[in-house]
Structure formats: C-alpha cells, structure tokens
file final-v4.tsv (TSV, C-alpha atoms)
chain	number	residue	atom	x	y	z
L	954	MET	CA	0.00	0.00	0.00
L	955	HIS	CA	2.83	2.35	0.99
L	956	ALA	CA	4.65	1.67	-2.26
L	957	LEU	CA	1.48	2.38	-4.19
L	958	VAL	CA	1.03	5.77	-2.51
L	959	GLU	CA	4.69	6.60	-3.06
L	960	ASN	CA	4.36	5.67	-6.72
L	961	GLU	CA	1.41	8.02	-7.06
L	962	PHE	CA	3.51	10.81	-5.51
L	963	ILE	CA	6.33	10.06	-7.94
L	964	GLU	CA	3.91	10.11	-10.88
L	965	SER	CA	2.53	13.43	-9.69
L	966	ALA	CA	6.07	14.83	-9.31
L	967	CYS	CA	6.87	13.63	-12.86
L	968	ARG	CA	3.82	15.44	-14.23
L	969	ASN	CA	4.79	18.53	-12.26
L	970	LEU	CA	8.32	18.39	-13.68
L	971	GLN	CA	6.96	17.94	-17.21
L	972	GLY	CA	4.47	20.76	-16.91
L	973	HIS	CA	6.54	23.34	-15.11
L	974	THR	CA	10.13	22.71	-16.08
L	975	LEU	CA	10.69	20.39	-19.03
L	976	SER	CA	7.98	21.99	-21.17
L	977	ARG	CA	10.01	25.20	-21.03
L	978	VAL	CA	13.20	23.47	-22.17
L	979	PRO	CA	13.01	23.32	-25.98
L	980	GLY	CA	13.93	19.99	-27.59
L	981	LEU	CA	14.54	16.48	-26.31
L	982	PHE	CA	18.30	16.88	-26.28
L	983	ALA	CA	18.17	20.03	-24.17
L	984	GLN	CA	15.81	18.26	-21.77
L	985	LEU	CA	18.21	15.33	-21.51
L	986	ILE	CA	21.11	17.66	-20.71
L	987	TYR	CA	18.97	19.43	-18.14
L	988	LEU	CA	17.91	16.22	-16.38
L	989	ALA	CA	21.44	14.81	-16.41
L	990	SER	CA	22.68	18.06	-14.86
L	991	THR	CA	20.35	17.63	-11.87
L	992	ARG	CA	22.25	14.45	-10.92
L	993	ASP	CA	25.08	14.78	-8.42
L	994	TYR	CA	28.39	13.57	-9.92
L	995	LEU	CA	29.52	11.82	-6.73
L	996	SER	CA	26.37	10.34	-5.26
L	997	GLY	CA	24.35	9.90	-8.46
L	998	VAL	CA	21.33	11.33	-6.58
L	999	TYR	CA	19.09	13.83	-8.38
L	1000	HIS	CA	18.24	17.22	-6.87
L	1001	HIS	CA	15.64	19.81	-7.77
L	1002	ASP	CA	14.80	22.52	-5.23
L	1003	GLY	CA	11.23	23.15	-6.38
L	1004	LEU	CA	10.28	19.46	-6.50
L	1005	GLU	CA	12.00	18.74	-3.18
L	1006	TYR	CA	10.05	21.56	-1.55
L	1007	GLU	CA	6.77	20.18	-2.84
L	1008	TYR	CA	7.31	16.40	-2.62
L	1009	GLY	CA	10.34	15.81	-0.40
L	1010	SER	CA	13.84	14.88	-1.52
L	1011	GLU	CA	13.26	11.14	-2.02
L	1012	VAL	CA	10.18	11.45	-4.21
L	1013	ALA	CA	11.75	14.34	-6.15
L	1014	ALA	CA	14.93	12.34	-6.79
L	1015	GLU	CA	12.96	9.30	-7.93
L	1016	ALA	CA	10.77	11.43	-10.23
L	1017	LEU	CA	13.83	13.05	-11.81
L	1018	LYS	CA	15.44	9.65	-12.25
L	1019	ARG	CA	12.29	8.23	-13.85
L	1020	CYS	CA	11.90	11.18	-16.22
L	1021	HIS	CA	15.58	10.95	-17.12
L	1022	THR	CA	15.32	7.22	-17.88
L	1023	GLU	CA	12.16	7.65	-19.97
L	1024	LEU	CA	13.57	10.55	-21.94
L	1025	PHE	CA	16.79	8.68	-22.58
L	1026	ALA	CA	14.86	5.66	-23.86
L	1027	LYS	CA	12.96	7.99	-26.18
L	1028	LEU	CA	16.22	9.38	-27.58
L	1029	VAL	CA	17.75	5.91	-28.00
L	1030	ALA	CA	14.69	4.91	-30.04
L	1031	LEU	CA	14.98	7.90	-32.39
L	1032	PRO	CA	16.22	7.26	-35.93
L	1033	LEU	CA	19.64	8.76	-36.56
L	1034	SER	CA	18.16	11.49	-38.79
L	1035	ALA	CA	15.87	12.67	-35.97
L	1036	LEU	CA	18.74	12.60	-33.47
L	1037	VAL	CA	20.81	14.78	-35.82
L	1038	ASP	CA	17.91	17.27	-35.94
L	1039	GLU	CA	17.58	17.27	-32.15
L	1040	LEU	CA	21.31	17.79	-31.64
L	1041	ASN	CA	21.35	20.51	-34.29
L	1042	ALA	CA	18.46	22.31	-32.57
L	1043	TYR	CA	20.23	22.08	-29.22
L	1044	LEU	CA	23.61	23.29	-30.46
L	1045	THR	CA	22.11	26.21	-32.38
L	1046	SER	CA	19.74	27.25	-29.56
L	1047	SER	CA	22.41	28.81	-27.37
L	1048	GLY	CA	23.43	31.43	-29.92
L	1049	THR	CA	27.13	30.62	-29.54
L	1050	ASP	CA	29.27	29.88	-32.58
L	1051	PHE	CA	27.98	26.60	-34.03
L	1052	ALA	CA	31.33	25.34	-35.30
L	1053	HIS	CA	32.95	26.13	-31.97
L	1054	SER	CA	30.20	24.24	-30.08
L	1055	LEU	CA	30.63	21.25	-32.39
L	1056	LEU	CA	34.35	21.10	-31.83
L	1057	LEU	CA	33.94	21.57	-28.09
L	1058	TRP	CA	31.45	18.72	-27.92
L	1059	ASP	CA	33.68	16.49	-29.96
L	1060	LYS	CA	36.76	17.28	-27.91
L	1061	LEU	CA	35.29	17.23	-24.40
L	1062	GLN	CA	32.63	14.60	-25.16
L	1063	ILE	CA	30.27	16.36	-22.77
L	1064	TYR	CA	27.46	14.08	-23.90
L	1065	ARG	CA	29.06	11.12	-22.10
L	1066	VAL	CA	27.45	12.23	-18.82
L	1067	THR	CA	23.92	12.10	-20.24
L	1068	PRO	CA	22.92	8.39	-19.91
L	1069	PRO	CA	20.98	7.47	-16.77
L	1070	LEU	CA	22.60	5.09	-14.29
L	1071	ASP	CA	20.11	2.26	-14.68
L	1072	CYS	CA	20.29	1.91	-18.46
L	1073	SER	CA	22.22	-1.00	-19.93
L	1074	ARG	CA	25.79	-0.48	-21.05
L	1075	VAL	CA	24.87	-1.40	-24.62
L	1076	SER	CA	22.08	1.18	-24.90
L	1077	ALA	CA	24.32	3.85	-23.34
L	1078	GLU	CA	27.11	3.04	-25.80
L	1079	PHE	CA	24.66	2.94	-28.69
L	1080	PHE	CA	23.36	6.39	-27.81
L	1081	LEU	CA	26.84	7.87	-27.31
L	1082	SER	CA	27.93	6.33	-30.59
L	1083	ASN	CA	24.92	7.89	-32.36
L	1084	VAL	CA	25.74	11.31	-30.89
L	1085	LYS	CA	29.31	10.95	-32.16
L	1086	ILE	CA	28.02	10.14	-35.66
L	1087	ALA	CA	25.50	13.00	-35.45
L	1088	LEU	CA	28.32	15.41	-34.57
L	1089	ALA	CA	30.31	14.22	-37.59
L	1090	ILE	CA	27.28	14.74	-39.85
L	1091	LEU	CA	26.65	18.25	-38.50
L	1092	TYR	CA	30.33	19.05	-38.85
L	1093	SER	CA	30.43	17.92	-42.48
L	1094	ARG	CA	27.27	19.93	-43.24
L	1095	ALA	CA	28.68	23.04	-41.56
L	1096	ARG	CA	31.87	22.71	-43.55
L	1097	ASN	CA	29.93	22.33	-46.79
L	1098	HIS	CA	27.82	25.41	-46.06
L	1099	ARG	CA	30.76	27.54	-44.98
L	1100	PRO	CA	33.79	26.41	-47.01
L	1101	ASP	CA	35.59	29.67	-46.17
L	1102	GLN	CA	35.42	28.88	-42.46
L	1103	GLN	CA	38.54	27.29	-41.00
L	1104	PHE	CA	37.72	24.48	-38.61
L	1105	ALA	CA	40.44	23.91	-36.08
L	1106	LEU	CA	40.09	20.17	-35.60
L	1107	PRO	CA	38.87	17.42	-37.88
L	1108	LEU	CA	36.38	15.19	-36.08
L	1109	GLN	CA	37.72	11.70	-35.40
F	247	MET	CA	48.39	-37.58	-42.86
F	248	THR	CA	46.69	-36.87	-46.16
F	249	LEU	CA	46.46	-33.38	-47.60
F	250	ALA	CA	42.68	-33.26	-47.04
F	251	ALA	CA	43.08	-34.13	-43.35
F	252	PHE	CA	45.80	-31.51	-43.00
F	253	ILE	CA	43.57	-28.82	-44.59
F	254	PHE	CA	40.71	-29.89	-42.35
F	255	VAL	CA	42.88	-29.54	-39.20
F	256	LEU	CA	44.21	-26.19	-40.45
F	257	ILE	CA	40.70	-24.84	-41.04
F	258	GLY	CA	39.69	-26.02	-37.58
F	259	PHE	CA	42.69	-24.31	-36.04
F	260	LEU	CA	41.99	-21.06	-37.91
F	261	LEU	CA	38.37	-21.19	-36.81
F	262	VAL	CA	39.36	-21.58	-33.17
F	263	VAL	CA	41.81	-18.66	-33.45
F	264	ALA	CA	39.17	-16.54	-35.17
F	265	LEU	CA	36.61	-17.36	-32.47
F	266	MET	CA	39.10	-16.40	-29.77
F	267	LEU	CA	39.82	-13.12	-31.57
F	268	ALA	CA	36.12	-12.41	-31.99
F	269	ALA	CA	35.57	-12.96	-28.30
F	270	ARG	CA	38.50	-10.74	-27.37
F	271	THR	CA	37.96	-7.67	-29.52
F	272	ASP	CA	34.28	-6.98	-28.95
F	273	SER	CA	34.50	-4.15	-26.49
F	274	GLU	CA	38.09	-3.06	-26.22
F	275	GLU	CA	37.36	0.58	-27.02
F	276	SER	CA	34.65	1.05	-24.46
F	277	SER	CA	35.79	-1.19	-21.64
F	278	PRO	CA	34.99	0.29	-18.25
F	279	ALA	CA	37.91	0.94	-15.88
F	280	ILE	CA	36.25	-1.19	-13.22
F	281	SER	CA	35.26	-4.71	-14.20
F	282	ASP	CA	31.55	-5.43	-14.57
F	283	ASP	CA	31.71	-7.96	-11.70
F	284	ALA	CA	31.87	-5.06	-9.23
F	285	ALA	CA	28.79	-3.32	-10.62
F	286	PRO	CA	25.28	-4.73	-10.29
F	287	PRO	CA	24.04	-5.93	-13.70
F	288	SER	CA	21.28	-3.91	-15.36
F	289	PRO	CA	18.08	-5.93	-15.81
F	290	PHE	CA	17.74	-7.85	-19.07
F	291	SER	CA	14.47	-7.73	-20.94
F	292	ARG	CA	13.88	-9.62	-24.15
F	293	GLU	CA	11.62	-6.85	-25.50
F	294	SER	CA	14.07	-4.02	-24.88
F	295	ALA	CA	16.93	-6.14	-26.29
F	296	ALA	CA	14.89	-6.79	-29.44
F	297	HIS	CA	14.07	-3.11	-29.76
F	298	LEU	CA	17.70	-2.07	-29.28
F	299	LEU	CA	18.77	-4.68	-31.83
F	300	SER	CA	16.40	-3.29	-34.44
F	301	ARG	CA	17.97	0.13	-33.87
F	302	ILE	CA	21.57	-1.14	-34.02
F	303	PHE	CA	20.91	-3.08	-37.22
F	304	SER	CA	18.71	-0.37	-38.75
F	305	ALA	CA	18.99	-0.14	-42.54
F	306	SER	CA	17.33	3.30	-42.63
F	307	ASP	CA	20.16	4.80	-40.57
F	308	LEU	CA	22.68	3.42	-43.06
F	309	GLN	CA	20.69	4.86	-45.99
F	310	TYR	CA	20.53	8.22	-44.20
F	311	VAL	CA	24.30	8.27	-43.70
F	312	GLN	CA	24.89	7.21	-47.32
F	313	ARG	CA	22.80	10.19	-48.46
F	314	GLN	CA	25.23	12.52	-46.66
F	315	ASN	CA	27.83	11.78	-49.38
F	316	ASN	CA	30.69	11.97	-46.95
F	317	PRO	CA	33.13	9.02	-46.92
F	318	HIS	CA	34.49	9.94	-43.48
F	319	VAL	CA	31.02	9.94	-41.90
F	320	LEU	CA	30.16	6.64	-43.61
F	321	ARG	CA	33.41	5.10	-42.37
F	322	LEU	CA	32.72	6.36	-38.85
F	323	PHE	CA	29.16	4.99	-39.00
F	324	ARG	CA	30.36	1.56	-40.16
F	325	HIS	CA	33.01	1.48	-37.44
F	326	GLU	CA	30.63	2.58	-34.67
F	327	ARG	CA	27.80	0.22	-35.61
F	328	LYS	CA	30.21	-2.67	-35.82
F	329	ARG	CA	31.59	-1.79	-32.38
F	330	VAL	CA	28.13	-1.54	-30.81
F	331	ALA	CA	27.00	-4.80	-32.47
F	332	LEU	CA	30.05	-6.55	-31.02
F	333	LEU	CA	29.37	-4.94	-27.66
F	334	PHE	CA	25.81	-6.29	-27.75
F	335	LEU	CA	27.05	-9.79	-28.48
F	336	GLY	CA	29.71	-9.43	-25.76
F	337	ASP	CA	26.99	-8.36	-23.33
F	338	LEU	CA	24.92	-11.45	-24.20
F	339	ARG	CA	27.97	-13.60	-23.55
F	340	ALA	CA	28.69	-11.88	-20.23
F	341	ARG	CA	25.09	-12.31	-19.07
F	342	THR	CA	25.14	-15.98	-20.06
F	343	HIS	CA	28.32	-16.44	-18.08
F	344	GLN	CA	26.75	-14.65	-15.13
F	345	ILE	CA	23.72	-16.97	-15.19
F	346	LYS	CA	26.01	-19.99	-15.33
F	347	THR	CA	28.09	-18.76	-12.37
F	348	VAL	CA	25.05	-18.01	-10.19
F	349	HIS	CA	23.43	-21.27	-11.21
F	350	ALA	CA	26.56	-23.34	-10.56
F	351	ARG	CA	26.83	-21.84	-7.06
F	352	ALA	CA	23.21	-22.74	-6.34
F	353	ALA	CA	23.51	-26.20	-7.89
F	354	LEU	CA	26.46	-27.07	-5.63
F	355	ASN	CA	24.28	-26.57	-2.56
F	356	ALA	CA	21.14	-28.14	-4.01
F	357	ILE	CA	19.68	-30.95	-1.92
F	358	ALA	CA	17.73	-32.55	-4.79
F	359	PRO	CA	19.48	-31.74	-8.06
F	360	ASN	CA	17.50	-31.93	-11.32
F	361	PRO	CA	19.80	-33.56	-13.91
F	362	GLY	CA	17.43	-32.84	-16.83
F	363	ALA	CA	17.34	-29.12	-16.11
F	364	GLU	CA	21.09	-29.06	-15.51
F	365	VAL	CA	21.73	-30.59	-18.94
F	366	ARG	CA	19.36	-28.08	-20.59
F	367	ILE	CA	21.15	-25.22	-18.85
F	368	ALA	CA	24.58	-26.54	-19.82
F	369	VAL	CA	23.51	-27.02	-23.46
F	370	GLY	CA	21.91	-23.56	-23.50
F	371	TYR	CA	25.03	-22.02	-22.00
F	372	PHE	CA	27.41	-23.55	-24.51
F	373	SER	CA	25.13	-22.95	-27.50
F	374	ILE	CA	24.78	-19.23	-26.65
F	375	LEU	CA	28.54	-18.93	-26.21
F	376	PHE	CA	29.15	-20.70	-29.51
F	377	PHE	CA	26.60	-18.72	-31.52
F	378	THR	CA	27.58	-15.34	-30.08
F	379	ALA	CA	31.18	-16.14	-30.98
F	380	MET	CA	30.10	-17.12	-34.51
F	381	LEU	CA	28.07	-13.93	-34.95
F	382	SER	CA	30.95	-11.85	-33.55
F	383	LEU	CA	33.25	-13.50	-36.05
F	384	LEU	CA	30.90	-12.70	-38.95
F	385	VAL	CA	30.61	-9.07	-37.80
F	386	GLN	CA	34.41	-8.87	-37.47
F	387	ILE	CA	34.96	-10.25	-40.96
F	388	PHE	CA	32.11	-8.70	-42.94
F	389	GLY	CA	31.40	-5.59	-40.84
F	390	ILE	CA	28.22	-3.70	-41.50
F	391	SER	CA	27.36	-5.80	-44.57
F	392	ALA	CA	26.89	-8.77	-42.22
F	393	ILE	CA	25.22	-6.66	-39.56
F	394	ARG	CA	22.16	-6.15	-41.74
F	395	PHE	CA	21.53	-9.91	-41.90
F	396	LEU	CA	22.28	-10.65	-38.27
F	397	ALA	CA	19.39	-8.91	-36.54
F	398	ALA	CA	17.19	-12.03	-36.62
F	399	PRO	CA	19.79	-14.51	-35.29
F	400	ALA	CA	20.94	-12.01	-32.64
F	401	SER	CA	17.34	-11.50	-31.57
F	402	ALA	CA	16.88	-15.28	-31.38
F	403	LEU	CA	19.96	-15.48	-29.16
F	404	ALA	CA	18.55	-12.79	-26.85
F	405	ALA	CA	15.33	-14.82	-26.60
F	406	HIS	CA	17.38	-17.95	-25.91
F	407	LEU	CA	19.23	-16.13	-23.11
F	408	SER	CA	15.93	-15.02	-21.65
F	409	ARG	CA	14.70	-18.66	-21.61
F	410	LEU	CA	17.97	-19.83	-20.07
F	411	ALA	CA	17.60	-17.27	-17.28
F	412	GLN	CA	14.03	-18.46	-16.66
F	413	ILE	CA	15.02	-22.14	-16.46
F	414	SER	CA	17.93	-21.34	-14.17
F	415	GLN	CA	15.72	-19.18	-11.95
F	416	SER	CA	13.01	-21.84	-11.68
F	417	VAL	CA	15.58	-24.52	-10.79
F	418	ARG	CA	17.04	-22.25	-8.11
F	419	ASP	CA	13.56	-21.44	-6.78
F	420	VAL	CA	12.74	-25.14	-6.45
F	421	ALA	CA	16.08	-25.76	-4.70
F	422	GLU	CA	15.47	-22.89	-2.28
F	423	ASN	CA	11.94	-24.05	-1.50
F	424	SER	CA	13.08	-27.61	-0.81
F	425	SER	CA	15.91	-26.39	1.46
F	426	VAL	CA	13.43	-24.22	3.44
F	427	ARG	CA	11.23	-27.25	4.05
call {"tool": "encode", "arguments": {"input": "final-v4.tsv", "output": "structure tokens"}}
result
Amino acid sequence: MHALVENEFIESACRNLQGHTLSRVPGLFAQLIYLASTRDYLSGVYHHDGLEYEYGSEVAAEALKRCHTELFAKLVALPLSALVDELNAYLTSSGTDFAHSLLLWDKLQIYRVTPPLDCSRVSAEFFLSNVKIALAILYSRARNHRPDQQFALPLQ
Amino acid sequence: MTLAAFIFVLIGFLLVVALMLAARTDSEESSPAISDDAAPPSPFSRESAAHLLSRIFSASDLQYVQRQNNPHVLRLFRHERKRVALLFLGDLRARTHQIKTVHARAALNAIAPNPGAEVRIAVGYFSILFFTAMLSLLVQIFGISAIRFLAAPASALAAHLSRLAQISQSVRDVAENSSVR
C-alpha cells in the first residue's frame, strides 16, 4: 500500500516536472542535458529545489530519475536522422558559434554524462555512438555550407 | 596424414583462433575501468533487447548516412555500428556467463538436483557462447554488410538467453523451497 502511494507521488512529481520545467526546455536533447545536470556527480542522486520543496527529496529524486530514464529511452529509439535534428536544434539554440560548439562537444565529449545510471551499457554506448556520428554529420554539413570557415580540428 | 586431413585440421585451427579473436575484440574501445563484476548488472528484458537490436541493425540509418555523401562519416558509421553490435554480443555472452556462475553456485548446494534441467542449462550455455562467438566472427569479418543480416539470429539469441535465465531461476527457486522445508 505504501509503495502504491509513493508511486502516485512520484507520478505526480513527474507530471509537475513535465508541466513546469521540461515543457520550457526546448527539444529532447536540451531536456536530456537538463535532467542529467540535476544528478550529483559523486552520489548519483538527483536534486531539484522546487520538487524537493513540494514532494520531499526522495520522491523528487525518484521522479527526476524516472523522467531521465524515460527521456533517454525515447532518444535511444529515435532514428539517426531525428537525433541529428535534435542535436542541431540544441547546439544552435544557445546562440554561440555553431562550429565552436561542435568542436567543443567532440573534444570534451560532454554528452558522455547524459545516460541514466540504470540503463544497460549497450544502450548507453549505442546512444553515445549515435551522438558521435550526429556530430560528424553536423560538422560535415557546416563545412559544406561555410567552405571559407577554417575548422580547427577534424572530427575523429 | 593426407592433404585433405591436413587442410581440415588447419581450417579447424583457424576457426578456433578466429573465435578467440572475436571474443576478445568486442569491447576493447569502451571497456569500463572497473570490471563489470563489481557493478550490479542492469536488468535484461527480451523486449528491450529486441528493440535495441532493431535500432543497431537499422537499414534506414545506413541509408541516411549514405545520403550525406561523406566518406568519413560513412566510415565512422560503419566502425561505430560494428563496435556496438560486437558490444551487444559481448553483453549477451557476459550475461550468459553470469547466469552460469550463479546457477553453478546454487547447484552445488542443491539438496535434490535436477539432472534434466542441468543438462538443458549446460547445453543452453554452450550454445549461446558458440553462436555469439560465430556472430561476432561474422561481424568482425564482414562488418556492416553482415550486420544487416544478423538482426534475426541475434534476436533469437537474446530470446534464448531469456529462456535460459528463466530455467535457471526456476531450478534455483525449487532448490530454495526444498531447502526451506
């Protein structure tokens, strides 16, 4: 019974997170980055002040974890073409130099922190591999559109 | 020894070497620093494995990359898909090994062993190991060209692993129940 009530709280917190926070983050990729950034690097526990205030830290952490896992599964299931579009939308949304962002992402591999902890190693690697390919596609397109632009590093 | 027998032994030897290589090189690039034994295994579901397989072996992704007209991107795609396919097969092998280890531990302490189930588990274990090694070898040799035709057998292997886990679990459950009584 207790688990059932807790699950209802978690579901409610998920809906709250979707309605108030994630709906304002444009694009699946940006939402993934946002959710991954709410996870503590050392403990792996998720934190969100607003949700914790409303539901308590345990329910809030579980809701964030659940949303993160579901969103990640959605991105893993995307065809490569759709993932390229999502990544393109995310990288162009910030207004910073697109080529610079591409090279930064390729060099630092920031996307490696995005998979949730409870996903399988194969699905995490598949997603990271797809992001790597998507970066290469965006890079080649950017180079074709701006042949005058000097890109500092060729993507590996 | 006749020439035919010599060729036969040579082919056998090469096959064994190739199988060993296929088993070794599946996940070298993405090996975690800490061995998987220390981390709790993520749950295995036949449905999610089948879904992931259809994505790994997706022909539409290949067509999309081919339309980009960039040899570097195509090369990268081929390399990455091959790596992930090998990783998938390596993961199946590791899970099979895990089931065998857990099962062997339980079987040692079983009061009333079930020889029929033990034989089925042993046969299942060795057949999965053999077929994953064969598929790994084909992926190693033919790369993405083979990958397109391997979705069905890989999916069948995942289903086989799922059945093996169920048999092993039921045998362990029976053993636990009888020891409680």
call {"tool": "closest_residue", "arguments": {"input": "final-v4.tsv", "among": "F:Glu364, F:Arg329, F:Ser291, F:Tyr310", "to": "Cys1072 in chain L", "atoms": "only C-alpha atoms"}}
result
F:Ser291
call {"tool": "interface_residues", "arguments": {"input": "final-v4.tsv", "of": "chain F", "to": "chain L", "cutoff": "9 Å", "atoms": "all atoms listed in the file", "output": "list in words"}}
result
Ser276, Pro287, Ser288, Pro289, Phe290, His297, Leu298, Arg301, Ile302, Ser304, Ser306, Asp307, Leu308, Tyr310, Val311, Gln314, Asn316, His318, Val319, Leu320, Leu322, Phe323, Glu326, Arg327, Val330, Ala331, Leu333, Phe334 and Asp337 of chain F
call {"tool": "write_last_selection", "arguments": {"input": "final-v4.tsv", "atoms": "C-alpha atoms", "output": "compact mmCIF listing (two decimals), in the frame of the given file"}}
result
# COMPACT_ATOMS: atom_id res chain seq x y z
CA SER F 276 34.65 1.05 -24.46
CA PRO F 287 24.04 -5.93 -13.70
CA SER F 288 21.28 -3.91 -15.36
CA PRO F 289 18.08 -5.93 -15.81
CA PHE F 290 17.74 -7.85 -19.07
CA HIS F 297 14.07 -3.11 -29.76
CA LEU F 298 17.70 -2.07 -29.28
CA ARG F 301 17.97 0.13 -33.87
CA ILE F 302 21.57 -1.14 -34.02
CA SER F 304 18.71 -0.37 -38.75
CA SER F 306 17.33 3.30 -42.63
CA ASP F 307 20.16 4.80 -40.57
CA LEU F 308 22.68 3.42 -43.06
CA TYR F 310 20.53 8.22 -44.20
CA VAL F 311 24.30 8.27 -43.70
CA GLN F 314 25.23 12.52 -46.66
CA ASN F 316 30.69 11.97 -46.95
CA HIS F 318 34.49 9.94 -43.48
CA VAL F 319 31.02 9.94 -41.90
CA LEU F 320 30.16 6.64 -43.61
CA LEU F 322 32.72 6.36 -38.85
CA PHE F 323 29.16 4.99 -39.00
CA GLU F 326 30.63 2.58 -34.67
CA ARG F 327 27.80 0.22 -35.61
CA VAL F 330 28.13 -1.54 -30.81
CA ALA F 331 27.00 -4.80 -32.47
CA LEU F 333 29.37 -4.94 -27.66
CA PHE F 334 25.81 -6.29 -27.75
CA ASP F 337 26.99 -8.36 -23.33
call {"tool": "closest_residue", "arguments": {"input": "final-v4.tsv", "among": "L:Val1084, L:Tyr999, L:Asn960, L:Gly972", "to": "Gln1062 in chain L", "atoms": "all atoms listed in the file"}}
result
L:Val1084
call {"tool": "residues_around", "arguments": {"input": "final-v4.tsv", "residues": "range 339-351 of chain F", "least_positions_apart": "2", "cutoff": "8 Å", "atoms": "all atoms listed in the file", "output": "NGL selection string"}}
result
:F and (335-337 or 353-355 or 367 or 371 or 374-375 or 378 or 407 or 411 or 414 or 418)
call {"tool": "closest_residue", "arguments": {"input": "final-v4.tsv", "among": "F:Val255, F:Ile387, F:Leu381, F:Leu396", "to": "Leu299 in chain F", "atoms": "all atoms listed in the file"}}
result
F:Leu396
call {"tool": "closest_residue", "arguments": {"input": "final-v4.tsv", "among": "L:Glu1023, L:Glu961, L:Glu1011, L:Asp1059", "to": "Leu988 in chain L", "atoms": "only C-alpha atoms"}}
result
L:Glu1023
call {"tool": "closest_residue", "arguments": {"input": "final-v4.tsv", "among": "L:Ile1063, L:Leu1057, L:Leu975, L:Cys967", "to": "Arg1019 in chain L", "atoms": "all atoms listed in the file"}}
result
L:Cys967
call {"tool": "closest_residue", "arguments": {"input": "final-v4.tsv", "among": "L:His973, L:Gln984, L:Phe962, L:Glu1007", "to": "Cys1020 in chain L", "atoms": "all atoms listed in the file"}}
result
L:Gln984
call {"tool": "atom_distance", "arguments": {"input": "final-v4.tsv", "atom1": "CA of Val1066 in chain L", "atom2": "CA of Ala400 in chain F"}}
result
28.7 Å
call {"tool": "atom_distance", "arguments": {"input": "final-v4.tsv", "atom1": "CA of Ala402 in chain F", "atom2": "CA of Arg366 in chain F"}}
result
16.9 Å
call {"tool": "atom_distance", "arguments": {"input": "final-v4.tsv", "atom1": "CA of Glu1005 in chain L", "atom2": "CA of Gly980 in chain L"}}
result
24.5 Å
call {"tool": "residues_near_point", "arguments": {"input": "final-v4.tsv", "point": "(16.9, 9.9, -19.7)", "cutoff": "8 Å", "atoms": "all atoms listed in the file", "output": "list in words"}}
result
Leu985, Leu988, Ala989, Lys1018, Arg1019, Cys1020, His1021, Thr1022, Glu1023, Leu1024, Phe1025, Ala1026, Lys1027, Leu1028, Thr1067, Pro1068 and Pro1069 of chain L
call {"tool": "residues_around", "arguments": {"input": "final-v4.tsv", "residues": "Ser391 in chain F", "least_positions_apart": "6", "cutoff": "12 Å", "atoms": "only C-alpha atoms", "output": "list in words"}}
result
Phe303, Ser304, Ala305, Leu308, Arg324, His325, Arg327, Lys328, Leu384, Val385 and Ala397 of chain F
